[in-house]
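Quick notes on the structure that follows.
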Amino acid sequence: MNRVLILAPAPEVILTVSRALPEEAAVEGADQIQKAIKIHNQNPFSLIFIDLQLLKATGAKYDFTQLALLYKKTNPISKFVVLSAKSSIRDAVQMVRDGADDYLTYPIDTDKVRLIFESVKKTSIINLE
């Protein structure tokens with residue numbers, strides 16, 4: 001369960017989230033959805049942080065539900081956390097209603113990142129039993 005993907009257009013977001021995660025986490029960052037899907041299909045992630053603006057930038061190509069299905073095809077227990085500006089909180093909440101597991105607003109609270117990681121890790125262990 002230690003594989004984490006941070007899907008965000010800004011390198012500083014990827015860096016902030018990755019630094020908040022424990023050393024045991026195998027973290028990869030990507031700034032393109034298509035690239036991230038290829039990486040995931042080769043070696044699946046258990047936890048995926050996805051920036052809302054990156055998803056919106058794809059226009060109609062991906063909505064969250066479609067994207068989640070692509071990831072869950074390879075790893076059905078993948079968990080998703082939406083990263084959002086406070087001004088877009090309604091969209092983030094909608095994504096949670098559509099199947100995301102949680103959301104975080106900018107600026108990123110590193111304590112919350114760690115809590116989410118630990119929660120997903122515990123859930124994954126239970127699912128494996």
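By convention in this document, the chains of the structure tokens carry letters A, B, ... by their order, each chain's residues are numbered from 1, and ligands are numbered from 1 in the order they are shown.
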Requested in this report: May I have all residues of range 2-127 of chain A that DSSP, computed from the backbone, assigns to alpha helix (DSSP H), given as a ChimeraX atom specification?
Outcome: /A:11-20,33-42,52-57,64-74,89-97,110-127
Query raised in the report: When you draw a straight line from CA of Val17 in chain A to CA of Ile108 in chain A, how long is it in Å?
Result: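 We find that CA of Val17 in chain A and CA of Ile108 in chain A lie 7.4 Å from each other.
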**Report entry** Gap from CA of Leu47 in chain A to CA of Thr123 in chain A - Å, one decimal
**Finding:**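 For CA of Leu47 in chain A relative to CA of Thr123 in chain A, the distance reads 11.2 Å.
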Excluding Leu52 in chain A and residues on its chain fewer than 4 positions from it, collect all residues at most 8 Å away from it, counting only C-alpha atoms, and give them as a short mmCIF file (atom, residue, chain, number, x, y, z; two decimals) with C-alpha atoms, in the first residue's frame.
```cif
data_model
loop_
_atom_site.label_atom_id
_atom_site.label_comp_id
_atom_site.auth_asym_id
_atom_site.auth_seq_id
_atom_site.Cartn_x
_atom_site.Cartn_y
_atom_site.Cartn_z
CA LYS A 56 -10.70 20.44 -15.20
CA VAL A 82 -8.80 15.74 -4.44
CA LEU A 83 -6.56 18.81 -4.06
CA SER A 84 -8.53 22.01 -4.47
CA ALA A 92 -14.17 19.04 -4.54
#
```
**Report entry** Nearest candidate to Thr110 in chain A (options A:Lys79, A:Arg3, A:Lys73, A:Arg19; using only C-alpha atoms)
**Finding:**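 The closest residue to Thr110 in chain A is A:Arg19.
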